[in-house]
Amino acid sequence: MPDTPPLGGLLSREPVIVATGVDVLAEAVERQAAAVRRVAWRPPPPGAEHDLAAVLGDPGHAEADRRAVTRMLSARPHLVDVRPAREVLGLEPGAFLHAGPPIAWDRASGPLRGALVGAMLLEGLADTPERAERALAGGAAELEPCHGRGAVGPMAGVVGPSMWMLVVRDLEHGGTACCSLNEGLGKVLRYGAYGPEVIERLRWMGAVLGPLLRDAVRRHGPLDLVALMAQALQMGDELHNRNRAASALLLRELAPDLVAADAPREHVAEALRFVGGNEHFFLNAGMAAAKCAADAARDVPGSGLVVAMARNGTDFGIQVSGTGDRWFTGPAGVPDGLYLGSYGPADANPDIGDSAITETAGMGGFALAAAPAIVRFVGGRVPEAIAATRRMYEITMAEHPALRIPLLDFRGTPAGIDVTRVVRTGVLPVIDTGIAGRRAGVGQVGAGLVAPPPNVFADALRALARR
Amino acid sequence: MVVNEVVLLRAGVYRDSVTLMRVSRALGELPGVGDAMAAMATPSNRELLAELGFAVPAEATPADLVVALRARDGDALDGARAAVDELLAERPPDPAFEVEPPPLTTASAAARGDATVALVSVPGPHVVPEAMDALAAGLNVMIFSDNVPVEQEVALKDAAARRGLIVMGPDCGTAVVGGVGLGFANVVRPGPVGVVAASGTGAQQVMCLLEEAGVGVRHVLGVGGRDLSPRVSGRSALAALAALDADPGTELIVLVSKPPAPRVAALVREAARRLDTPVVPAFPGGDDDLTGAVERVLRALGRAVPEWPRWEAPHGSPHGSPHGSPHGSPHGSPHGALRGLFAGGTLRDEAEAIAATALGDLAAGGHRLTDFGDDVYTRGRAHPMIDPALRLAALAREAADPGCGVLLLDVVLGHGADPDPAAALAPALAGALDARDGLAAVVSLCGTPGDPQDRDRQAVALRDAGAAVFASNAEAARHAAALVKGARDA
């Protein structure tokens with residue numbers, strides 16, 4: 001062990017002081033020409049101080065957090081396969097997964113209901129939307145969160161047994177996570193649309209795209225998603241609302257193996273055209289990669305690391321490493337952003353989707369400073385995007401070792417949300433999001449930013465304090 | 001009758017107690033404004049506001065800021081209301097690209113570079129997160145805050161010990177590391193003496209008297225007033241003694257504390273015995289006093305003991321010179337009891353012990369010495385060394401009490417303290433002394449000529465107000481007791 005000076009060099013080094021509290025004391029030190037770094041401290045909400053003291057005063061807490069976040073950031077998610085949900089998740093007919101914390105039909109919002117209706121039609125469990133809705137209202141289907149099965153789904157996140165899933169494996173810790181195939185923009189199931197063109201596209205994805213991708217991925221071998229995301233980030237993606245570079249990179253990786261398939265040329269051409277025409281095709285792979293990393297950090301006793309943020313269109317929920325599978329929920333907010341065409345805030349559904357797993361793992365809103373091209377789309381200016389990312393460093397435990405932001409001198413993205421820091425600072429995670437129409441069947445109406453309800457972090461902190 | 005008053009509620013807005021004191025003072029100085037108080041709506045501040053006759057909205061929580069105003073007329077009230085927002089305004093954020101926003105937690109600040117110590121002065125219930133942040137990042141911590149539960153203190157000190165660090169405090173008012181004063185600290189030359197102090201003002205008295213004798217102080221490690229209690233059992237004092245022992249520039253260590261519990265005293269004595277560096281205990285309040293301890297230090301170092309400075313007004317003259325007559329009193333012989341109004345707890349304890357020796361049973365004689373730096377006076381407001389309001393109010397009350405014959409006050413200078421305490425105190429003293437014959441005032445002035453307030457200028461201002469001023473707190477207490485006794489024996 002190296003010989004360290006007593007008290008970390010307090011008596012031998014030039015003093016450098018962090019000052020937290022009353023300004024007059026910091027000023028007194030500054031007047032002595034000493035180096036002072038002031039903390040812009042503010043008190044947490046009344047009552048939280050006891051929970052904070054209990055959690056942060058626990059001698060093992062810092063080590064628990066360090067272990068959890070190290071596991072998250074050392075994950076090596078690779079795309080390894082593409083398979084139907086019934087095979088890879090064991091999903092039975094009549095069972096559906098959905099985004100966010102658990103919810104039943106009676107509290108489900110328009111887009112989630114619409115997506116479930118579409119899934120009933122796709123799975124052949126109903127022949128008209130009306131009959132599908134009646135059956136769902138009568139409890140004909142089993143609903144379960146994606147997160148409970150090691151999966152994630154964007155927006156409504158509805159997954160039926162026949163839908164094909166990207167299979168991502170963490171080669172470091174051995175975990176697996178799945179996400180559906182991205183349908184593109186416009187009238188799509190994940191935004192709650194269930195018209196004939198939606199069902200037809202899903203059938204094509206199941207019959208043609210899924211098997212082609214499966215063969216290509218298997219021929220390619222495990223595809224390193226972190227390396228791909230690191231490149232995309234430096235090409236202007238924040239990997240939630242902008243996946244243009246990542247989608248192109250993924251297609252570039254898989255195209256030779258798609259073409260090499262023993263399949264009709266027109267099918268290969270359709271698949272290439274579909275994937276190449278969908279700027280969000282990568283989103284689902286990125287989400288599965290984020291889920292893989294976050295799941296590696298689960299169940300570390302005492303850790304306040306957030307391992308899931310997800311919304312079902314009614315509730316916003318989080319899960320925390322030290323509190324197991326318990327969801328802490330609050331009302332989902334309506335995103336603040338820009339609307340397509342003549343849509344406006346009155347048409348917007350409350351926040352929905354598992355895609356906030358990207359923010360959970362240090363991407364999306366946390367990486368806004370890497371994506372100046374989209375800041376106007378989410379209603380801001382470039383300095384605000386940089387400020388948003390910088391603000392996230394205040395509530396995160398670490399910086400991502402691979403995802404680095406050129407504009408911040410290649411600093412790693414803020415990664416690993418700390419519930420204690422969210423409660424202490426009042427700074428809420430910034431989440432990029434699409435906006436779904438509130439009526440079933442409408443689809444996407446806009447995109448923007450959304451914040452979680454503050455109570456979910458305070459509640460998780462309380463539960464952690466009582467463990 | 002029109003009532004020209006209002007209580008404004010700023011929900012969720014937080015400012016620290018010193019900032020709010022400044023805002024209150026600025027509002028109170030506006031033309032036509034009577035009472036003005038800006039404060040967080042804590043239970044104790046609610047009580048203060050109620051005493052001032054203001055009704056705080058029921059929905060206000062301790063996380064909300066309230067501003068109570070009472071004015072001569074509607075125009076003055078409007079003027080004060082208009083000034084509130086400007087006075088409470090925060091510096092606007094810098095829009096520049098490359099400027100990093102301020103850190104919001106101690107952890108975030110510590111992550112930005114190789115700091116050595118965190119100075120934590122948030123309200124007591126909020127200390128643990130900030131202190132643990134610092135320790136986890138490898139920083140030592142000085143906790144200026146009081147009102148921290150003792151079990152949290154023990155847990156923090158154990159966490160520090162596991163990392164080879166020290167927690168100075170809670171309720172640690174004074175430290176000096178590498179020549180930089182943290183909290184309340186006087187400007188002294190560097191030198192061979194190291195101080196371990198369970199008492200901030202005790203440490204200040206020691207460093208000021210050593211400075212007066214030409215002996216410098218290298219480091220002052222505060223440990224907090226409870227460190228030598230049976231419960232905390234000297235956890236930080238032992239760490240500080242070991243660190244100073246290992247410091248090649250420290251030739252002698254002074255350990256300042258009120259007399260510790262016997263078991264802890266034995267523990268510390270045993271630890272001190274094993275050190276290579278001699279340790280001089282300074283435990284005022286019993287048979288010992290700080291001035292005596294400093295004199296022992298000087299003798300141990302082979303240095304001469306000087307005559308400690310005093311400034312007394314010559315009899316009958318409002319303008320005197322230092323080292324004047326020790327029996328001078330410009331307002332006739334005092335009659336009545338001793339009333340001590342202190343900002344420093346240890347200075348109060350020392351004065352009380354000296355007064356008790358001279359006067360016998362203090363309570364029976366109506367003598368009373370109060371420490372306005374005690375937890376009960378600082379919950380939700382600034383320390384009296386920063387905010388003189390509570391003590392000035394007490395001064396006015398005591399001066400009006402015919403049973404009070406001698407006022408004894410401490411004035412503590414140095415970094416962090418009121419930039420000009422005599423500015424408020426001298427007129428208050430002069431007013432009190434002029435208003436009543438038979439009242440005398442004695443000031444224990446703890447400071448150095450190098451302090452930002454300039455000790456000698458403060459001394460002259462207080463002397464000119466009619467007070468007898470002493471650099472040694474023990475001498476001030478003896479003088480005050482002698483005045484009371486002289487009157488009683490006459």
# chains A, B, ... in the order shown; residues from 1 in each chain; ligands from 1

call {"tool": "interface_residues", "arguments": {"of": "chain B", "to": "chain A", "cutoff": "7 Å", "atoms": "only C-alpha atoms", "output": "number ranges by chain"}}
result
B: 14, 16, 18, 62-63, 97, 102-106, 108-110, 115-122, 125-126, 128-129, 132, 136, 140, 159, 164-166, 177-178, 180-183, 243, 415-416

call {"tool": "residues_around", "arguments": {"residues": "B:Arg381", "least_positions_apart": "3", "cutoff": "12 Å", "atoms": "only C-alpha atoms", "output": "number ranges by chain"}}
result
A: 22; B: 15-22, 37-46, 48, 121-124, 145-147, 372-378, 384-390

call {"tool": "atom_distance", "arguments": {"atom1": "atom CA of A:Ala263", "atom2": "atom CA of A:Ala285"}}
result
23.7 Å

call {"tool": "residues_around", "arguments": {"residues": "stretch 137-154 of chain A", "least_positions_apart": "3", "cutoff": "9 Å", "atoms": "only C-alpha atoms", "output": "PDB file with N, CA, C and O atoms, in the first residue's frame"}}
result
ATOM      1  N   LEU A  89     -39.480 -15.320 -25.287  1.00  0.00           N
ATOM      2  CA  LEU A  89     -39.991 -14.874 -23.982  1.00  0.00           C
ATOM      3  C   LEU A  89     -40.977 -15.886 -23.392  1.00  0.00           C
ATOM      4  O   LEU A  89     -41.482 -15.675 -22.292  1.00  0.00           O
ATOM      5  N   PRO A  93     -50.326 -17.647 -26.122  1.00  0.00           N
ATOM      6  CA  PRO A  93     -51.447 -16.972 -26.789  1.00  0.00           C
ATOM      7  C   PRO A  93     -52.397 -16.383 -25.749  1.00  0.00           C
ATOM      8  O   PRO A  93     -52.668 -17.031 -24.724  1.00  0.00           O
ATOM      9  N   GLY A  94     -52.880 -15.181 -26.013  1.00  0.00           N
ATOM     10  CA  GLY A  94     -53.778 -14.528 -25.056  1.00  0.00           C
ATOM     11  C   GLY A  94     -53.041 -13.698 -24.026  1.00  0.00           C
ATOM     12  O   GLY A  94     -53.665 -13.008 -23.221  1.00  0.00           O
ATOM     13  N   ALA A  95     -51.717 -13.735 -24.043  1.00  0.00           N
ATOM     14  CA  ALA A  95     -50.933 -12.894 -23.132  1.00  0.00           C
ATOM     15  C   ALA A  95     -50.270 -11.772 -23.938  1.00  0.00           C
ATOM     16  O   ALA A  95     -49.815 -12.009 -25.063  1.00  0.00           O
ATOM     17  N   PHE A  96     -50.254 -10.591 -23.396  1.00  0.00           N
ATOM     18  CA  PHE A  96     -49.595  -9.456 -24.050  1.00  0.00           C
ATOM     19  C   PHE A  96     -48.707  -8.724 -23.051  1.00  0.00           C
ATOM     20  O   PHE A  96     -49.067  -8.583 -21.880  1.00  0.00           O
ATOM     21  N   LEU A  97     -47.590  -8.268 -23.552  1.00  0.00           N
ATOM     22  CA  LEU A  97     -46.749  -7.378 -22.749  1.00  0.00           C
ATOM     23  C   LEU A  97     -47.084  -5.931 -23.115  1.00  0.00           C
ATOM     24  O   LEU A  97     -47.540  -5.652 -24.219  1.00  0.00           O
ATOM     25  N   HIS A  98     -46.831  -5.031 -22.192  1.00  0.00           N
ATOM     26  CA  HIS A  98     -47.049  -3.611 -22.470  1.00  0.00           C
ATOM     27  C   HIS A  98     -45.950  -2.794 -21.800  1.00  0.00           C
ATOM     28  O   HIS A  98     -45.231  -3.296 -20.923  1.00  0.00           O
ATOM     29  N   ALA A  99     -45.858  -1.535 -22.189  1.00  0.00           N
ATOM     30  CA  ALA A  99     -44.837  -0.645 -21.623  1.00  0.00           C
ATOM     31  C   ALA A  99     -45.229  -0.220 -20.215  1.00  0.00           C
ATOM     32  O   ALA A  99     -46.408  -0.246 -19.844  1.00  0.00           O
ATOM     33  N   GLY A 100     -44.223   0.196 -19.455  1.00  0.00           N
ATOM     34  CA  GLY A 100     -44.457   0.854 -18.178  1.00  0.00           C
ATOM     35  C   GLY A 100     -44.765  -0.104 -17.049  1.00  0.00           C
ATOM     36  O   GLY A 100     -44.644  -1.323 -17.179  1.00  0.00           O
ATOM     37  N   PRO A 101     -45.165   0.499 -15.896  1.00  0.00           N
ATOM     38  CA  PRO A 101     -45.535  -0.329 -14.749  1.00  0.00           C
ATOM     39  C   PRO A 101     -46.868  -1.044 -15.017  1.00  0.00           C
ATOM     40  O   PRO A 101     -47.578  -0.697 -15.953  1.00  0.00           O
ATOM     41  N   PRO A 102     -47.213  -2.046 -14.191  1.00  0.00           N
ATOM     42  CA  PRO A 102     -48.426  -2.833 -14.424  1.00  0.00           C
ATOM     43  C   PRO A 102     -49.684  -1.967 -14.510  1.00  0.00           C
ATOM     44  O   PRO A 102     -49.804  -0.960 -13.794  1.00  0.00           O
ATOM     45  N   ILE A 103     -50.595  -2.372 -15.390  1.00  0.00           N
ATOM     46  CA  ILE A 103     -51.855  -1.635 -15.527  1.00  0.00           C
ATOM     47  C   ILE A 103     -52.892  -2.586 -16.107  1.00  0.00           C
ATOM     48  O   ILE A 103     -52.553  -3.493 -16.868  1.00  0.00           O
ATOM     49  N   ALA A 104     -54.143  -2.370 -15.713  1.00  0.00           N
ATOM     50  CA  ALA A 104     -55.234  -3.179 -16.268  1.00  0.00           C
ATOM     51  C   ALA A 104     -55.993  -2.334 -17.304  1.00  0.00           C
ATOM     52  O   ALA A 104     -55.800  -1.119 -17.405  1.00  0.00           O
ATOM     53  N   TRP A 105     -56.845  -3.008 -18.092  1.00  0.00           N
ATOM     54  CA  TRP A 105     -57.568  -2.353 -19.184  1.00  0.00           C
ATOM     55  C   TRP A 105     -58.346  -1.123 -18.711  1.00  0.00           C
ATOM     56  O   TRP A 105     -58.359  -0.095 -19.376  1.00  0.00           O
ATOM     57  N   ASP A 106     -58.962  -1.225 -17.530  1.00  0.00           N
ATOM     58  CA  ASP A 106     -59.855  -0.131 -17.103  1.00  0.00           C
ATOM     59  C   ASP A 106     -59.099   1.175 -16.908  1.00  0.00           C
ATOM     60  O   ASP A 106     -59.688   2.244 -17.069  1.00  0.00           O
ATOM     61  N   MET A 120     -54.574  -7.865 -30.694  1.00  0.00           N
ATOM     62  CA  MET A 120     -55.625  -8.905 -30.724  1.00  0.00           C
ATOM     63  C   MET A 120     -55.928  -9.285 -32.172  1.00  0.00           C
ATOM     64  O   MET A 120     -56.087 -10.466 -32.502  1.00  0.00           O
ATOM     65  N   ALA A 132     -62.505  -6.939 -30.424  1.00  0.00           N
ATOM     66  CA  ALA A 132     -61.246  -6.983 -29.665  1.00  0.00           C
ATOM     67  C   ALA A 132     -61.385  -6.170 -28.383  1.00  0.00           C
ATOM     68  O   ALA A 132     -61.004  -6.611 -27.292  1.00  0.00           O
ATOM     69  N   GLU A 133     -61.982  -4.987 -28.523  1.00  0.00           N
ATOM     70  CA  GLU A 133     -62.133  -4.103 -27.367  1.00  0.00           C
ATOM     71  C   GLU A 133     -63.036  -4.740 -26.309  1.00  0.00           C
ATOM     72  O   GLU A 133     -62.725  -4.697 -25.110  1.00  0.00           O
ATOM     73  N   ARG A 134     -64.137  -5.346 -26.773  1.00  0.00           N
ATOM     74  CA  ARG A 134     -65.055  -5.998 -25.822  1.00  0.00           C
ATOM     75  C   ARG A 134     -64.349  -7.131 -25.085  1.00  0.00           C
ATOM     76  O   ARG A 134     -64.492  -7.293 -23.882  1.00  0.00           O
ATOM     77  N   GLY A 157     -45.664  -0.203 -26.364  1.00  0.00           N
ATOM     78  CA  GLY A 157     -44.818  -1.343 -26.010  1.00  0.00           C
ATOM     79  C   GLY A 157     -45.552  -2.677 -26.034  1.00  0.00           C
ATOM     80  O   GLY A 157     -45.124  -3.623 -25.374  1.00  0.00           O
ATOM     81  N   VAL A 158     -46.634  -2.754 -26.808  1.00  0.00           N
ATOM     82  CA  VAL A 158     -47.421  -3.993 -26.786  1.00  0.00           C
ATOM     83  C   VAL A 158     -46.720  -5.071 -27.614  1.00  0.00           C
ATOM     84  O   VAL A 158     -46.313  -4.838 -28.754  1.00  0.00           O
ATOM     85  N   VAL A 159     -46.556  -6.225 -26.987  1.00  0.00           N
ATOM     86  CA  VAL A 159     -45.899  -7.363 -27.627  1.00  0.00           C
ATOM     87  C   VAL A 159     -46.840  -8.563 -27.544  1.00  0.00           C
ATOM     88  O   VAL A 159     -47.338  -8.894 -26.467  1.00  0.00           O
ATOM     89  N   GLY A 175     -26.603 -11.468 -18.991  1.00  0.00           N
ATOM     90  CA  GLY A 175     -28.042 -11.227 -19.071  1.00  0.00           C
ATOM     91  C   GLY A 175     -28.534 -11.109 -20.512  1.00  0.00           C
ATOM     92  O   GLY A 175     -27.747 -10.917 -21.443  1.00  0.00           O
ATOM     93  N   THR A 176     -29.858 -11.232 -20.683  1.00  0.00           N
ATOM     94  CA  THR A 176     -30.469 -11.098 -22.001  1.00  0.00           C
ATOM     95  C   THR A 176     -31.623 -10.115 -21.923  1.00  0.00           C
ATOM     96  O   THR A 176     -32.347 -10.082 -20.926  1.00  0.00           O
ATOM     97  N   ALA A 177     -31.788  -9.295 -22.953  1.00  0.00           N
ATOM     98  CA  ALA A 177     -32.934  -8.391 -23.017  1.00  0.00           C
ATOM     99  C   ALA A 177     -33.475  -8.393 -24.439  1.00  0.00           C
ATOM    100  O   ALA A 177     -32.726  -8.610 -25.396  1.00  0.00           O
ATOM    101  N   CYS A 178     -34.787  -8.173 -24.561  1.00  0.00           N
ATOM    102  CA  CYS A 178     -35.432  -8.215 -25.878  1.00  0.00           C
ATOM    103  C   CYS A 178     -36.200  -6.938 -26.134  1.00  0.00           C
ATOM    104  O   CYS A 178     -36.683  -6.290 -25.204  1.00  0.00           O
ATOM    105  N   CYS A 179     -36.339  -6.601 -27.418  1.00  0.00           N
ATOM    106  CA  CYS A 179     -37.206  -5.496 -27.811  1.00  0.00           C
ATOM    107  C   CYS A 179     -37.786  -5.833 -29.182  1.00  0.00           C
ATOM    108  O   CYS A 179     -37.128  -6.492 -29.997  1.00  0.00           O
ATOM    109  N   SER A 180     -39.012  -5.374 -29.422  1.00  0.00           N
ATOM    110  CA  SER A 180     -39.687  -5.633 -30.691  1.00  0.00           C
ATOM    111  C   SER A 180     -38.943  -4.973 -31.852  1.00  0.00           C
ATOM    112  O   SER A 180     -37.999  -4.218 -31.648  1.00  0.00           O
ATOM    113  N   ASN A 182     -38.794  -2.220 -34.877  1.00  0.00           N
ATOM    114  CA  ASN A 182     -39.405  -0.899 -35.046  1.00  0.00           C
ATOM    115  C   ASN A 182     -40.213  -0.837 -36.338  1.00  0.00           C
ATOM    116  O   ASN A 182     -39.733  -1.221 -37.402  1.00  0.00           O
ATOM    117  N   ARG A 190     -47.369   0.995 -32.090  1.00  0.00           N
ATOM    118  CA  ARG A 190     -46.856   1.442 -30.800  1.00  0.00           C
ATOM    119  C   ARG A 190     -47.440   2.782 -30.385  1.00  0.00           C
ATOM    120  O   ARG A 190     -47.441   3.138 -29.213  1.00  0.00           O
ATOM    121  N   TYR A 191     -47.946   3.557 -31.376  1.00  0.00           N
ATOM    122  CA  TYR A 191     -48.648   4.799 -31.028  1.00  0.00           C
ATOM    123  C   TYR A 191     -50.153   4.579 -30.881  1.00  0.00           C
ATOM    124  O   TYR A 191     -50.912   5.525 -30.781  1.00  0.00           O
ATOM    125  N   LEU A 283     -33.632   2.396 -32.699  1.00  0.00           N
ATOM    126  CA  LEU A 283     -34.118   2.696 -31.342  1.00  0.00           C
ATOM    127  C   LEU A 283     -34.344   1.425 -30.523  1.00  0.00           C
ATOM    128  O   LEU A 283     -33.924   1.319 -29.370  1.00  0.00           O
ATOM    129  N   ASN A 284     -35.008   0.447 -31.118  1.00  0.00           N
ATOM    130  CA  ASN A 284     -35.375  -0.744 -30.354  1.00  0.00           C
ATOM    131  C   ASN A 284     -34.136  -1.553 -29.945  1.00  0.00           C
ATOM    132  O   ASN A 284     -34.103  -2.139 -28.863  1.00  0.00           O
ATOM    133  N   MET A 287     -32.626   0.354 -27.099  1.00  0.00           N
ATOM    134  CA  MET A 287     -33.402   0.130 -25.868  1.00  0.00           C
ATOM    135  C   MET A 287     -33.061  -1.213 -25.239  1.00  0.00           C
ATOM    136  O   MET A 287     -32.917  -1.315 -24.015  1.00  0.00           O
ATOM    137  N   ALA A 288     -32.938  -2.252 -26.071  1.00  0.00           N
ATOM    138  CA  ALA A 288     -32.597  -3.575 -25.519  1.00  0.00           C
ATOM    139  C   ALA A 288     -31.190  -3.546 -24.920  1.00  0.00           C
ATOM    140  O   ALA A 288     -30.937  -4.158 -23.869  1.00  0.00           O
ATOM    141  N   LYS A 291     -31.514  -1.814 -21.642  1.00  0.00           N
ATOM    142  CA  LYS A 291     -32.180  -2.710 -20.685  1.00  0.00           C
ATOM    143  C   LYS A 291     -31.193  -3.756 -20.150  1.00  0.00           C
ATOM    144  O   LYS A 291     -31.158  -4.055 -18.953  1.00  0.00           O
ATOM    145  N   CYS A 292     -30.397  -4.302 -21.040  1.00  0.00           N
ATOM    146  CA  CYS A 292     -29.373  -5.274 -20.654  1.00  0.00           C
ATOM    147  C   CYS A 292     -28.428  -4.683 -19.606  1.00  0.00           C
ATOM    148  O   CYS A 292     -28.114  -5.310 -18.589  1.00  0.00           O
ATOM    149  N   ASP A 295     -30.318  -3.951 -16.296  1.00  0.00           N
ATOM    150  CA  ASP A 295     -30.635  -5.173 -15.553  1.00  0.00           C
ATOM    151  C   ASP A 295     -29.402  -5.759 -14.857  1.00  0.00           C
ATOM    152  O   ASP A 295     -29.526  -6.390 -13.806  1.00  0.00           O
ATOM    153  N   ALA A 308     -34.821   1.261 -13.884  1.00  0.00           N
ATOM    154  CA  ALA A 308     -35.856   1.357 -14.921  1.00  0.00           C
ATOM    155  C   ALA A 308     -36.660   2.625 -14.714  1.00  0.00           C
ATOM    156  O   ALA A 308     -36.955   2.996 -13.572  1.00  0.00           O
ATOM    157  N   ALA A 310     -40.170   3.942 -16.735  1.00  0.00           N
ATOM    158  CA  ALA A 310     -41.087   3.496 -17.792  1.00  0.00           C
ATOM    159  C   ALA A 310     -42.476   4.064 -17.549  1.00  0.00           C
ATOM    160  O   ALA A 310     -42.856   4.350 -16.407  1.00  0.00           O
ATOM    161  N   ASN A 312     -46.750   3.858 -18.792  1.00  0.00           N
ATOM    162  CA  ASN A 312     -47.758   3.071 -19.507  1.00  0.00           C
ATOM    163  C   ASN A 312     -48.847   3.958 -20.105  1.00  0.00           C
ATOM    164  O   ASN A 312     -49.884   3.466 -20.522  1.00  0.00           O
ATOM    165  N   ASP A 325     -38.039  -5.582  -7.446  1.00  0.00           N
ATOM    166  CA  ASP A 325     -38.921  -5.372  -8.600  1.00  0.00           C
ATOM    167  C   ASP A 325     -40.042  -4.385  -8.298  1.00  0.00           C
ATOM    168  O   ASP A 325     -40.939  -4.209  -9.108  1.00  0.00           O
ATOM    169  N   ILE A 352     -45.799   7.959 -22.470  1.00  0.00           N
ATOM    170  CA  ILE A 352     -45.952   6.510 -22.584  1.00  0.00           C
ATOM    171  C   ILE A 352     -44.688   5.884 -23.172  1.00  0.00           C
ATOM    172  O   ILE A 352     -44.019   6.492 -24.003  1.00  0.00           O
ATOM    173  N   GLY A 353     -44.348   4.691 -22.723  1.00  0.00           N
ATOM    174  CA  GLY A 353     -43.276   3.915 -23.345  1.00  0.00           C
ATOM    175  C   GLY A 353     -42.161   3.520 -22.392  1.00  0.00           C
ATOM    176  O   GLY A 353     -41.901   4.178 -21.391  1.00  0.00           O
ATOM    177  N   ASP A 354     -41.495   2.415 -22.753  1.00  0.00           N
ATOM    178  CA  ASP A 354     -40.323   1.960 -22.007  1.00  0.00           C
ATOM    179  C   ASP A 354     -39.045   2.633 -22.495  1.00  0.00           C
ATOM    180  O   ASP A 354     -37.954   2.321 -22.010  1.00  0.00           O
ATOM    181  N   SER A 355     -39.166   3.536 -23.490  1.00  0.00           N
ATOM    182  CA  SER A 355     -37.954   4.062 -24.117  1.00  0.00           C
ATOM    183  C   SER A 355     -37.114   4.909 -23.162  1.00  0.00           C
ATOM    184  O   SER A 355     -35.939   5.174 -23.447  1.00  0.00           O
ATOM    185  N   ALA A 356     -37.694   5.304 -22.008  1.00  0.00           N
ATOM    186  CA  ALA A 356     -36.887   6.032 -21.022  1.00  0.00           C
ATOM    187  C   ALA A 356     -35.799   5.143 -20.425  1.00  0.00           C
ATOM    188  O   ALA A 356     -34.978   5.619 -19.629  1.00  0.00           O
ATOM    189  N   ILE A 357     -35.756   3.868 -20.843  1.00  0.00           N
ATOM    190  CA  ILE A 357     -34.621   3.028 -20.459  1.00  0.00           C
ATOM    191  C   ILE A 357     -33.333   3.602 -21.065  1.00  0.00           C
ATOM    192  O   ILE A 357     -32.246   3.398 -20.521  1.00  0.00           O
TER     193      ILE A 357
END

call {"tool": "select_by_dssp", "arguments": {"residues": "stretch 400-470 of chain B", "states": "helix (DSSP H, G or I)", "output": "PyMOL selection string"}}
result
chain B and resi 400+421-435+455-464

call {"tool": "residues_around", "arguments": {"residues": "A:Ala64", "least_positions_apart": "4", "cutoff": "8 Å", "atoms": "only C-alpha atoms", "output": "PDB file with N, CA and C atoms, in the first residue's frame"}}
result
ATOM      1  N   GLY A  60     -22.414   1.249   4.184  1.00  0.00           N
ATOM      2  CA  GLY A  60     -22.210   0.468   2.970  1.00  0.00           C
ATOM      3  C   GLY A  60     -22.805   1.094   1.720  1.00  0.00           C
ATOM      4  N   ALA A  68     -23.191  -1.164  -8.153  1.00  0.00           N
ATOM      5  CA  ALA A  68     -24.325  -1.211  -9.081  1.00  0.00           C
ATOM      6  C   ALA A  68     -23.989  -0.461 -10.381  1.00  0.00           C
ATOM      7  N   VAL A 300     -28.751  -4.851  -6.110  1.00  0.00           N
ATOM      8  CA  VAL A 300     -27.593  -4.617  -5.239  1.00  0.00           C
ATOM      9  C   VAL A 300     -28.150  -3.998  -3.950  1.00  0.00           C
ATOM     10  N   PRO A 301     -28.100  -4.750  -2.824  1.00  0.00           N
ATOM     11  CA  PRO A 301     -28.724  -4.255  -1.593  1.00  0.00           C
ATOM     12  C   PRO A 301     -28.171  -2.882  -1.190  1.00  0.00           C
ATOM     13  N   GLY A 302     -29.069  -1.953  -0.911  1.00  0.00           N
ATOM     14  CA  GLY A 302     -28.664  -0.637  -0.433  1.00  0.00           C
ATOM     15  C   GLY A 302     -28.411   0.379  -1.518  1.00  0.00           C
ATOM     16  N   SER A 303     -28.386  -0.042  -2.792  1.00  0.00           N
ATOM     17  CA  SER A 303     -28.070   0.922  -3.842  1.00  0.00           C
ATOM     18  C   SER A 303     -29.302   1.707  -4.273  1.00  0.00           C
TER      19      SER A 303
END

call {"tool": "residues_around", "arguments": {"residues": "B:Leu210", "least_positions_apart": "5", "cutoff": "10 Å", "atoms": "only C-alpha atoms", "output": "list in words"}}
result
Val188, Arg189, Gly191, Val193, Gln204, Gln205, Val215, Gly216, Val217, Thr291, Val294, Glu295, Val297, Leu298, Val305, Pro306 and Thr448 of chain B

call {"tool": "residues_around", "arguments": {"residues": "B:Gly173", "least_positions_apart": "5", "cutoff": "10 Å", "atoms": "only C-alpha atoms", "output": "VMD selection string"}}
result
chain B and resid 121 142 to 146 168 182 to 185 197 to 201 203 to 204 222 to 225 344 383 416

call {"tool": "residues_around", "arguments": {"residues": "B:Arg70", "least_positions_apart": "3", "cutoff": "9 Å", "atoms": "only C-alpha atoms", "output": "list in words"}}
result
Val3, Asn4, Glu5, Val6, Val7, Gly32, Val33, Gly34, Asp35, Ala36, Phe54, Asp73, Ala76 and Leu77 of chain B
